[in-house]
file entry-v7.csv (CSV, C-alpha atoms)
chain,number,residue,atom,x,y,z
A,1,MET,CA,0.1,-29.1,-7.0
A,2,THR,CA,-0.9,-31.1,-10.0
A,3,VAL,CA,-0.4,-29.9,-13.6
A,4,ARG,CA,-2.8,-30.8,-16.3
A,5,HIS,CA,-1.3,-32.6,-19.3
A,6,ARG,CA,-2.8,-29.9,-21.6
A,7,ASP,CA,-0.7,-27.2,-19.8
A,8,ARG,CA,2.5,-29.0,-20.8
A,9,VAL,CA,1.6,-29.2,-24.5
A,10,PRO,CA,2.5,-26.1,-26.6
A,11,PRO,CA,-0.5,-24.3,-28.2
A,12,PRO,CA,0.7,-24.9,-31.8
A,13,VAL,CA,0.5,-28.6,-31.2
A,14,TRP,CA,-3.2,-28.3,-30.2
A,15,ASP,CA,-3.8,-26.0,-33.2
A,16,SER,CA,-2.3,-28.6,-35.5
A,17,ALA,CA,-4.6,-31.4,-34.3
A,18,LEU,CA,-7.7,-30.3,-36.1
A,19,PRO,CA,-6.1,-29.8,-39.6
A,20,ALA,CA,-4.5,-33.2,-39.2
A,21,LEU,CA,-7.8,-34.8,-38.4
A,22,LEU,CA,-9.6,-33.1,-41.3
A,23,LEU,CA,-6.9,-34.2,-43.7
A,24,LEU,CA,-7.1,-37.7,-42.5
A,25,HIS,CA,-10.9,-37.6,-42.9
A,26,VAL,CA,-10.5,-36.5,-46.5
A,27,VAL,CA,-8.0,-39.2,-47.3
A,28,GLY,CA,-10.1,-41.9,-45.8
A,29,THR,CA,-13.4,-40.7,-47.2
A,30,TYR,CA,-13.1,-39.4,-50.8
A,31,PRO,CA,-12.4,-41.6,-53.8
A,32,ALA,CA,-9.1,-41.3,-55.6
A,33,ARG,CA,-10.4,-39.2,-58.5
A,34,GLU,CA,-11.9,-36.6,-56.1
A,35,LEU,CA,-9.1,-36.8,-53.5
A,36,PRO,CA,-6.7,-34.2,-55.0
A,37,VAL,CA,-9.2,-31.4,-55.1
A,38,ALA,CA,-10.8,-32.3,-51.8
A,39,ALA,CA,-7.4,-32.6,-50.1
A,40,ALA,CA,-6.2,-29.2,-51.5
A,41,LEU,CA,-9.4,-27.4,-50.4
A,42,THR,CA,-9.2,-29.0,-47.0
A,43,ALA,CA,-5.6,-28.0,-46.6
A,44,ALA,CA,-6.5,-24.4,-47.7
A,45,LEU,CA,-9.3,-24.3,-45.1
A,46,ALA,CA,-7.6,-26.1,-42.2
A,47,LEU,CA,-3.9,-25.4,-42.3
A,48,PRO,CA,-4.2,-21.6,-41.6
A,49,LEU,CA,-5.6,-22.6,-38.1
A,50,VAL,CA,-2.1,-23.5,-37.0
A,51,TRP,CA,-1.3,-19.8,-36.9
A,52,ARG,CA,-4.6,-18.6,-35.6
A,53,ARG,CA,-3.2,-17.4,-32.2
A,54,ARG,CA,-0.5,-15.3,-33.8
A,55,ALA,CA,-2.6,-13.6,-36.5
A,56,PRO,CA,-6.3,-14.3,-35.9
A,57,LEU,CA,-7.7,-11.8,-38.4
A,58,ALA,CA,-5.3,-12.9,-41.2
A,59,VAL,CA,-6.1,-16.5,-40.5
A,60,PHE,CA,-9.9,-15.7,-40.6
A,61,ALA,CA,-9.5,-13.9,-44.0
A,62,ALA,CA,-7.5,-16.8,-45.4
A,63,VAL,CA,-10.1,-19.4,-44.3
A,64,VAL,CA,-13.0,-17.3,-45.7
A,65,ALA,CA,-11.1,-17.0,-49.0
A,66,ALA,CA,-10.6,-20.7,-49.1
A,67,ALA,CA,-14.3,-21.3,-48.3
A,68,CYS,CA,-15.3,-19.0,-51.2
A,69,VAL,CA,-13.1,-21.0,-53.6
A,70,GLN,CA,-14.6,-24.2,-52.2
A,71,TRP,CA,-18.1,-22.8,-52.8
A,72,LEU,CA,-17.3,-21.8,-56.4
A,73,ALA,CA,-15.8,-25.3,-57.0
A,74,ASP,CA,-19.0,-26.8,-55.6
A,75,VAL,CA,-17.2,-29.2,-53.3
A,76,PRO,CA,-18.9,-29.7,-49.9
A,77,LEU,CA,-16.4,-30.5,-47.2
A,78,ALA,CA,-16.4,-31.3,-43.5
A,79,ALA,CA,-13.4,-28.9,-43.3
A,80,ASP,CA,-15.9,-26.1,-43.2
A,81,VAL,CA,-15.8,-26.4,-39.5
A,82,ALA,CA,-12.6,-24.4,-39.8
A,83,LEU,CA,-14.7,-21.4,-40.5
A,84,LEU,CA,-16.3,-21.7,-37.0
A,85,VAL,CA,-12.9,-22.1,-35.4
A,86,ALA,CA,-11.6,-19.0,-37.2
A,87,LEU,CA,-14.7,-17.1,-36.3
A,88,TYR,CA,-14.2,-18.0,-32.6
A,89,THR,CA,-10.6,-16.9,-32.7
A,90,ALA,CA,-11.4,-13.6,-34.4
A,91,ALA,CA,-14.1,-12.9,-31.8
A,92,ALA,CA,-11.8,-13.7,-29.0
A,93,HIS,CA,-9.1,-11.3,-30.2
A,94,THR,CA,-11.0,-8.4,-31.6
A,95,GLY,CA,-13.5,-5.9,-30.3
A,96,ARG,CA,-17.3,-6.4,-30.4
A,97,ARG,CA,-17.6,-4.6,-33.7
A,98,GLY,CA,-15.0,-6.9,-35.3
A,99,ALA,CA,-16.7,-10.0,-33.9
A,100,LEU,CA,-20.1,-8.9,-35.3
A,101,LEU,CA,-18.5,-8.3,-38.7
A,102,ALA,CA,-16.8,-11.7,-38.7
A,103,ALA,CA,-20.1,-13.3,-37.7
A,104,ALA,CA,-21.9,-11.6,-40.5
A,105,VAL,CA,-19.4,-12.9,-43.0
A,106,VAL,CA,-19.7,-16.5,-41.8
A,107,GLU,CA,-23.5,-16.2,-41.6
A,108,ALA,CA,-23.5,-15.1,-45.2
A,109,GLY,CA,-21.4,-18.1,-46.1
A,110,ALA,CA,-23.9,-20.3,-44.2
A,111,VAL,CA,-26.8,-19.0,-46.2
A,112,ALA,CA,-24.9,-19.5,-49.5
A,113,ALA,CA,-23.9,-23.1,-48.4
A,114,CYS,CA,-27.5,-23.9,-47.6
A,115,LEU,CA,-28.8,-22.6,-50.9
A,116,ARG,CA,-26.3,-24.7,-52.8
A,117,TRP,CA,-26.0,-27.9,-50.9
A,118,ALA,CA,-29.3,-28.3,-49.0
A,119,ARG,CA,-30.8,-31.6,-49.9
A,120,ASP,CA,-34.3,-31.9,-51.4
A,121,GLY,CA,-34.7,-28.1,-51.0
A,122,ALA,CA,-34.8,-28.4,-47.2
A,123,PHE,CA,-33.3,-25.0,-46.4
A,124,ALA,CA,-34.7,-24.2,-43.0
A,125,ALA,CA,-33.2,-27.0,-40.9
A,126,PRO,CA,-29.6,-26.7,-42.1
A,127,PHE,CA,-29.9,-22.9,-42.0
A,128,VAL,CA,-31.0,-22.9,-38.4
A,129,ALA,CA,-28.3,-25.4,-37.4
A,130,LEU,CA,-25.5,-23.5,-39.1
A,131,SER,CA,-26.8,-20.1,-37.7
A,132,ALA,CA,-26.9,-21.6,-34.2
A,133,MET,CA,-23.3,-22.7,-34.6
A,134,VAL,CA,-22.2,-19.3,-35.9
A,135,VAL,CA,-23.9,-17.6,-32.9
A,136,ALA,CA,-22.3,-20.1,-30.5
A,137,ALA,CA,-18.8,-19.6,-31.9
A,138,THR,CA,-19.2,-15.8,-31.8
A,139,VAL,CA,-20.6,-15.7,-28.2
A,140,LEU,CA,-17.9,-18.1,-27.0
A,141,GLY,CA,-15.2,-16.0,-28.5
A,142,VAL,CA,-16.6,-12.8,-27.1
A,143,ASN,CA,-16.9,-14.4,-23.6
A,144,VAL,CA,-13.3,-15.6,-23.8
A,145,ARG,CA,-12.1,-12.1,-24.7
A,146,THR,CA,-14.2,-10.5,-21.9
A,147,GLY,CA,-12.9,-13.0,-19.4
A,148,ARG,CA,-9.4,-12.4,-20.5
A,149,ALA,CA,-9.8,-8.7,-20.2
A,150,HIS,CA,-11.3,-9.1,-16.7
A,151,LEU,CA,-8.5,-11.3,-15.6
A,152,VAL,CA,-5.9,-8.8,-16.8
A,153,ALA,CA,-7.8,-6.0,-14.9
A,154,VAL,CA,-7.9,-8.2,-11.8
A,155,ARG,CA,-4.2,-8.9,-12.1
A,156,GLU,CA,-3.4,-5.2,-12.6
A,157,ARG,CA,-5.6,-4.3,-9.6
A,158,ALA,CA,-3.8,-6.9,-7.5
A,159,GLU,CA,-0.5,-5.5,-8.5
A,160,ARG,CA,-1.6,-2.0,-7.7
A,161,LEU,CA,-2.9,-3.2,-4.4
A,162,ALA,CA,0.3,-5.0,-3.6
A,163,LEU,CA,2.3,-1.9,-4.5
A,164,TYR,CA,-0.1,0.3,-2.3
A,165,GLN,CA,0.3,-2.1,0.6
A,166,GLU,CA,4.1,-2.1,0.1
A,167,GLN,CA,4.2,1.7,0.1
A,168,ARG,CA,2.0,1.8,3.2
A,169,ALA,CA,4.3,-0.6,4.9
A,170,LEU,CA,7.3,1.5,4.0
A,171,LEU,CA,5.5,4.6,5.2
A,172,ALA,CA,4.6,2.9,8.5
A,173,VAL,CA,8.2,1.9,9.0
A,174,ALA,CA,9.3,5.5,8.2
A,175,GLU,CA,6.8,6.9,10.6
A,176,GLU,CA,7.8,4.4,13.3
A,177,ARG,CA,11.4,5.3,12.8
A,178,ALA,CA,10.6,9.0,13.1
A,179,ARG,CA,8.6,8.3,16.3
A,180,ILE,CA,11.4,6.3,17.9
A,181,THR,CA,13.9,9.0,16.8
A,182,ARG,CA,11.9,11.7,18.5
A,183,GLU,CA,11.3,9.7,21.6
A,184,VAL,CA,15.0,8.7,21.9
A,185,HIS,CA,16.1,12.3,21.3
A,186,ASP,CA,13.7,13.7,24.0
A,187,ILE,CA,14.6,11.0,26.5
A,188,VAL,CA,18.4,11.2,26.0
A,189,THR,CA,18.6,15.0,25.8
A,190,HIS,CA,16.4,15.6,28.8
A,191,ASN,CA,17.8,13.0,31.1
A,192,LEU,CA,21.4,13.6,30.2
A,193,SER,CA,20.9,17.4,30.7
A,194,VAL,CA,19.4,16.7,34.1
A,195,MET,CA,22.1,14.3,35.1
A,196,VAL,CA,24.8,16.7,34.1
A,197,ALA,CA,23.2,19.5,36.1
A,198,LEU,CA,22.8,17.3,39.1
A,199,THR,CA,26.4,16.1,38.9
A,200,ASP,CA,27.7,19.6,38.7
A,201,ALA,CA,25.6,20.5,41.7
A,202,ALA,CA,26.9,17.5,43.6
A,203,LEU,CA,30.5,18.4,42.8
A,204,CYS,CA,30.0,21.9,44.1
A,205,ALA,CA,28.3,20.7,47.3
A,206,GLN,CA,30.5,17.7,48.1
A,207,HIS,CA,32.8,19.6,50.5
A,208,GLY,CA,30.5,22.2,52.0
A,209,SER,CA,27.2,20.2,52.1
A,210,PRO,CA,27.8,16.4,51.7
A,211,GLU,CA,24.1,15.7,52.4
A,212,ARG,CA,23.1,17.8,49.4
A,213,ALA,CA,25.7,16.1,47.2
A,214,THR,CA,24.4,12.7,48.3
A,215,ALA,CA,20.9,13.7,47.5
A,216,ALA,CA,21.9,15.1,44.1
A,217,MET,CA,23.8,11.8,43.2
A,218,ALA,CA,20.7,9.8,44.3
A,219,GLN,CA,18.7,11.9,42.0
A,220,VAL,CA,21.2,11.2,39.2
A,221,CYS,CA,20.7,7.5,39.8
A,222,GLU,CA,17.0,7.7,39.7
A,223,THR,CA,17.1,9.8,36.5
A,224,GLY,CA,19.3,7.2,34.9
A,225,ARG,CA,17.0,4.4,35.8
A,226,GLN,CA,14.0,6.3,34.4
A,227,ALA,CA,15.9,7.0,31.2
A,228,LEU,CA,16.6,3.3,30.8
A,229,THR,CA,13.0,2.5,31.4
A,230,ASP,CA,11.8,5.1,28.9
A,231,MET,CA,14.4,3.9,26.3
A,232,ARG,CA,13.3,0.3,26.6
A,233,ARG,CA,9.6,1.3,26.3
A,234,SER,CA,10.3,3.5,23.2
A,235,LEU,CA,12.3,0.8,21.5
A,236,GLY,CA,9.6,-1.8,22.0
A,237,VAL,CA,11.6,-4.1,24.3
A,238,LEU,CA,9.0,-4.2,27.0
A,239,ARG,CA,6.1,-6.5,26.2
A,240,ALA,CA,2.5,-5.6,27.2
A,241,ASP,CA,2.2,-8.7,29.3
A,242,GLU,CA,5.2,-7.9,31.4
A,243,PRO,CA,4.4,-6.6,34.9
A,244,GLU,CA,7.1,-4.0,34.6
A,245,ALA,CA,5.2,-2.4,31.6
A,246,GLU,CA,2.2,-2.0,33.9
A,247,ARG,CA,4.3,-0.4,36.6
A,248,HIS,CA,5.7,2.1,34.1
A,249,PRO,CA,3.0,3.4,31.8
A,250,PRO,CA,3.8,6.1,29.2
A,251,PRO,CA,4.2,9.4,31.0
A,252,GLY,CA,1.3,11.9,30.7
A,253,ILE,CA,-0.1,15.0,32.2
A,254,ALA,CA,-0.2,13.4,35.6
A,255,GLN,CA,3.5,13.0,35.6
A,256,LEU,CA,4.2,16.7,34.9
A,257,GLY,CA,4.5,17.4,38.6
A,258,ALA,CA,7.3,14.9,38.9
A,259,LEU,CA,9.0,16.4,35.9
A,260,ALA,CA,8.8,19.9,37.4
A,261,ASP,CA,10.3,18.6,40.6
A,262,GLN,CA,13.1,16.9,38.6
A,263,MET,CA,13.9,20.2,36.8
A,264,ALA,CA,13.9,22.1,40.1
A,265,ALA,CA,16.4,19.6,41.5
A,266,ALA,CA,18.6,20.1,38.5
A,267,GLY,CA,18.6,23.9,39.0
A,268,LEU,CA,15.6,25.1,37.1
A,269,PRO,CA,12.8,26.0,39.5
A,270,THR,CA,9.6,25.2,37.7
A,271,GLY,CA,6.0,26.1,38.5
A,272,LEU,CA,3.2,24.0,37.1
A,273,GLU,CA,-0.5,24.8,36.6
A,274,VAL,CA,-3.0,22.3,35.1
A,275,ARG,CA,-6.4,23.8,34.3
A,276,GLY,CA,-9.3,21.5,33.7
A,277,GLY,CA,-9.5,17.7,34.0
A,278,HIS,CA,-7.4,15.6,31.8
A,279,ALA,CA,-9.0,12.2,32.2
A,280,HIS,CA,-10.7,12.4,28.8
A,281,VAL,CA,-7.4,13.2,27.0
A,282,PRO,CA,-6.1,10.2,25.1
A,283,ALA,CA,-2.9,8.6,26.3
A,284,THR,CA,-1.0,9.4,23.1
A,285,ALA,CA,-2.0,13.1,23.4
A,286,GLN,CA,-0.9,13.1,27.0
A,287,LEU,CA,2.4,11.7,26.0
A,288,THR,CA,2.7,14.4,23.4
A,289,VAL,CA,2.0,17.1,26.0
A,290,TYR,CA,4.6,15.5,28.3
A,291,ARG,CA,7.3,15.4,25.6
A,292,LEU,CA,6.6,19.0,24.6
A,293,VAL,CA,6.9,20.3,28.1
A,294,GLN,CA,10.0,18.1,28.7
A,295,GLU,CA,11.7,19.3,25.6
A,296,ALA,CA,10.9,23.0,26.4
A,297,LEU,CA,12.2,22.7,30.0
A,298,THR,CA,15.3,20.8,28.8
A,299,ASN,CA,16.1,23.6,26.4
A,300,ALA,CA,15.6,26.1,29.2
A,301,LEU,CA,18.0,24.1,31.4
A,302,LYS,CA,20.6,23.9,28.6
A,303,HIS,CA,20.5,27.5,27.3
A,304,THR,CA,19.8,29.7,30.2
A,305,PRO,CA,22.0,30.9,33.1
A,306,ALA,CA,21.6,30.0,36.7
A,307,GLY,CA,18.7,31.7,38.5
A,308,THR,CA,16.3,31.2,35.6
A,309,ARG,CA,12.8,30.2,36.5
A,310,ALA,CA,10.2,28.4,34.3
A,311,THR,CA,6.4,28.1,34.4
A,312,VAL,CA,4.3,25.5,32.7
A,313,LEU,CA,0.6,26.0,32.0
A,314,VAL,CA,-1.6,23.1,30.6
A,315,ALA,CA,-5.2,24.0,29.8
A,316,CYS,CA,-7.5,21.1,29.1
A,317,SER,CA,-10.9,21.5,27.5
A,318,ALA,CA,-13.4,19.2,25.8
A,319,GLY,CA,-11.7,19.3,22.4
A,320,SER,CA,-8.2,20.6,22.9
A,321,VAL,CA,-5.2,20.9,25.2
A,322,GLY,CA,-3.2,24.1,25.4
A,323,VAL,CA,0.4,24.0,26.4
A,324,GLU,CA,2.5,27.0,27.4
A,325,VAL,CA,6.1,26.9,28.8
A,326,VAL,CA,7.8,30.2,29.6
A,327,ASP,CA,11.2,30.8,31.2
A,328,SER,CA,12.8,34.0,32.5
A,329,GLY,CA,16.3,33.4,31.2
A,330,PRO,CA,17.8,35.5,28.3
A,331,ARG,CA,18.7,33.4,25.2
A,332,PRO,CA,19.6,34.0,21.6
A,333,ALA,CA,16.8,34.4,19.1
A,334,LEU,CA,16.9,30.7,18.5
A,335,PRO,CA,18.6,27.8,20.3
A,336,PRO,CA,21.7,26.3,18.7
A,337,ALA,CA,20.7,24.4,15.5
A,338,GLU,CA,20.0,20.7,16.0
A,339,PRO,CA,19.6,17.9,13.4
A,340,SER,CA,16.4,18.0,11.4
A,341,GLY,CA,13.5,16.5,13.3
A,342,HIS,CA,15.1,17.1,16.7
A,343,GLY,CA,14.6,19.9,19.2
A,344,ILE,CA,12.1,22.5,18.1
A,345,PRO,CA,11.5,20.9,14.7
A,346,GLY,CA,10.6,17.7,16.6
A,347,MET,CA,8.3,19.6,18.8
A,348,ARG,CA,6.5,21.1,15.8
A,349,GLU,CA,6.1,17.6,14.3
A,350,ARG,CA,4.5,16.4,17.6
A,351,ALA,CA,2.1,19.3,17.6
A,352,ALA,CA,1.3,18.9,13.9
A,353,ALA,CA,0.2,15.3,14.6
A,354,TYR,CA,-2.7,16.8,16.6
A,355,GLY,CA,-3.5,19.7,14.2
A,356,GLY,CA,-1.5,22.2,16.2
A,357,THR,CA,1.1,24.9,15.2
A,358,LEU,CA,3.9,25.6,17.6
A,359,ALA,CA,5.3,29.0,18.3
A,360,ALA,CA,8.7,29.2,20.0
A,361,GLY,CA,10.7,32.4,20.5
A,362,PRO,CA,11.8,35.2,22.8
A,363,LEU,CA,9.1,37.1,24.7
A,364,PRO,CA,8.7,40.9,24.5
A,365,GLY,CA,9.4,41.3,28.2
A,366,GLY,CA,12.4,38.9,28.2
A,367,GLY,CA,12.7,35.2,28.5
A,368,TRP,CA,11.6,32.5,26.1
A,369,GLY,CA,8.2,31.0,25.4
A,370,VAL,CA,6.8,27.9,23.7
A,371,ARG,CA,3.1,27.7,23.0
A,372,THR,CA,0.7,25.4,21.1
A,373,ARG,CA,-2.7,23.9,21.2
A,374,LEU,CA,-3.4,20.2,20.4
A,375,LEU,CA,-6.8,19.4,18.9
A,376,LEU,CA,-8.3,16.2,20.2
A,377,ASP,CA,-11.2,16.0,17.7
A,378,GLY,CA,-8.9,15.7,14.6
A,379,GLY,CA,-9.9,19.1,13.4
A,380,GLY,CA,-8.0,21.5,11.2
A,381,ALA,CA,-4.9,23.5,12.0
A,382,GLY,CA,-4.6,24.5,15.6
A,383,VAL,CA,-4.3,28.0,16.9
A,384,VAL,CA,-1.5,29.2,19.1
A,385,VAL,CA,-2.5,29.9,22.7

call {"tool": "encode", "arguments": {"input": "entry-v7.csv", "output": "structure tokens"}}
result
Amino acid sequence: MTVRHRDRVPPPVWDSALPALLLLHVVGTYPARELPVAAALTAALALPLVWRRRAPLAVFAAVVAAACVQWLADVPLAADVALLVALYTAAAHTGRRGALLAAAVVEAGAVAACLRWARDGAFAAPFVALSAMVVAATVLGVNVRTGRAHLVAVRERAERLALYQEQRALLAVAEERARITREVHDIVTHNLSVMVALTDAALCAQHGSPERATAAMAQVCETGRQALTDMRRSLGVLRADEPEAERHPPPGIAQLGALADQMAAAGLPTGLEVRGGHAHVPATAQLTVYRLVQEALTNALKHTPAGTRATVLVACSAGSVGVEVVDSGPRPALPPAEPSGHGIPGMRERAAAYGGTLAAGPLPGGGWGVRTRLLLDGGGAGVVV
């Protein structure tokens, strides 16, 4: 990237160039007897421009005062161009009202100069020329100020946009972490609970019924493999272009039958009823239904005695999916507390993502129930079924 030479020169150096040129012009133009007065007035007009960026209004006032002294002394000077530079600077650093006031002051000076120094009484031509220069300096200064303000606004907007994007990225990361945490919790808790129950059953049956023990251990192996597959998918290790990813799509309502069989093999006989077609239900909503049922059945397996039975009802309609999981086992009012975001809190988070509220608690006739309704159309809060 190239850098212009002007960008490497400090602004005070550029601001000193015009006063130096005007002083050289006076020294080379005026005779010796007129030089002291002309040089002094030129210095009074031009030297304040060195500080015009630091104090634009003060410099403008100083240049106007020097011009008044020059007019009273009746000494026409080329250094009057300093008035235009001071006017441009004032317009570029003040509001519109200040720019108009400064322009009016310089215009009054232009009229006075034309009245005193116009040759042969020719007032119109110099007046029009000077007025055009006053207007040009004012408009240029106002445009510079407006452009500078616009640039500042664009920069602030870009900074706000960058901050907004950064916050969105952080929020997306947090949401992804929460999603992975819920998935890992559900996968690990469910599969380990099933594997422990199957292992206990195999140990009990290894002497009296070796065939049942072997079948239970085979189910343990299959559950472990499924857990590994689910873990890899949840952590994003499987790529979409891998054949294995196609063989193991995310579980949904169609896989609830296999889940019920798995729970029955682990010691929790589970009945399943699916009402209505689920082909229209999005894959993410089906995964939510599966995880809700999985978590509810896992809690039943962990917290109820042997002989408990469970029933699962999934009711699909055009705009919602109702989920109900009921078991017959006695339990405390609430399951043992789990870390925030896991267990029942995690189930509530999943349901809330689809506008649903989840109810979980003991039933009047005994047992435990979990109920919710997921809204597929992005509507308001769901109702408990």

call {"tool": "atom_distance", "arguments": {"input": "entry-v7.csv", "atom1": "CA of Trp14 (chain A)", "atom2": "CA of Leu49 (chain A)"}}
result
10.0 Å

call {"tool": "atom_distance", "arguments": {"input": "entry-v7.csv", "atom1": "CA of Leu287 (chain A)", "atom2": "CA of Leu301 (chain A)"}}
result
20.6 Å

call {"tool": "residues_around", "arguments": {"input": "entry-v7.csv", "residues": "Ala86 (chain A)", "least_positions_apart": "4", "cutoff": "8 Å", "atoms": "all atoms listed in the file", "output": "PyMOL selection string"}}
result
chain A and resi 49+52+56+59-60+63+82+90

call {"tool": "closest_residue", "arguments": {"input": "entry-v7.csv", "among": "A:Ala40, A:Val134, A:Ala300, A:Leu376", "to": "Ala66 (chain A)", "atoms": "all atoms listed in the file"}}
result
A:Ala40

call {"tool": "atom_distance", "arguments": {"input": "entry-v7.csv", "atom1": "CA of Thr189 (chain A)", "atom2": "CA of Asn299 (chain A)"}}
result
9.0 Å

call {"tool": "closest_residue", "arguments": {"input": "entry-v7.csv", "among": "A:Asp80, A:Asp15, A:Glu159, A:Glu211", "to": "Ala38 (chain A)", "atoms": "only C-alpha atoms"}}
result
A:Asp80

call {"tool": "residues_around", "arguments": {"input": "entry-v7.csv", "residues": "Val196 (chain A)", "least_positions_apart": "4", "cutoff": "9 Å", "atoms": "only C-alpha atoms", "output": "PyMOL selection string"}}
result
chain A and resi 191-192+200-201+220+266

call {"tool": "closest_residue", "arguments": {"input": "entry-v7.csv", "among": "A:Thr284, A:Ala103, A:Ala20, A:Asp186", "to": "Ala137 (chain A)", "atoms": "all atoms listed in the file"}}
result
A:Ala103

call {"tool": "closest_residue", "arguments": {"input": "entry-v7.csv", "among": "A:Ala39, A:Ala55, A:Met133, A:Ala113", "to": "Leu84 (chain A)", "atoms": "all atoms listed in the file"}}
result
A:Met133

call {"tool": "closest_residue", "arguments": {"input": "entry-v7.csv", "among": "A:Ala215, A:Val289, A:Val281, A:Leu297", "to": "Gly319 (chain A)", "atoms": "only C-alpha atoms"}}
result
A:Val281

call {"tool": "residues_near_point", "arguments": {"input": "entry-v7.csv", "point": "(-27.1, -23.2, -38.4)", "cutoff": "12 Å", "atoms": "only C-alpha atoms", "output": "number ranges by chain"}}
result
A: 81, 84, 106-114, 118, 123-137

call {"tool": "residues_around", "arguments": {"input": "entry-v7.csv", "residues": "Ser320 (chain A)", "least_positions_apart": "4", "cutoff": "8 Å", "atoms": "all atoms listed in the file", "output": "list in words"}}
result
Cys316, Arg373, Leu374, Leu375, Leu376 and Asp377 of chain A

call {"tool": "closest_residue", "arguments": {"input": "entry-v7.csv", "among": "A:Ala285, A:Ala227, A:Ala260, A:Ala315", "to": "Ala352 (chain A)", "atoms": "only C-alpha atoms"}}
result
A:Ala285

call {"tool": "residues_near_point", "arguments": {"input": "entry-v7.csv", "point": "(9.6, 14.5, 14.1)", "cutoff": "9 Å", "atoms": "only C-alpha atoms", "output": "list of chain:residue names"}}
result
A:Glu175, A:Ala178, A:Arg179, A:Thr181, A:Arg182, A:Ser340, A:Gly341, A:His342, A:Gly343, A:Pro345, A:Gly346, A:Met347, A:Arg348, A:Glu349, A:Arg350
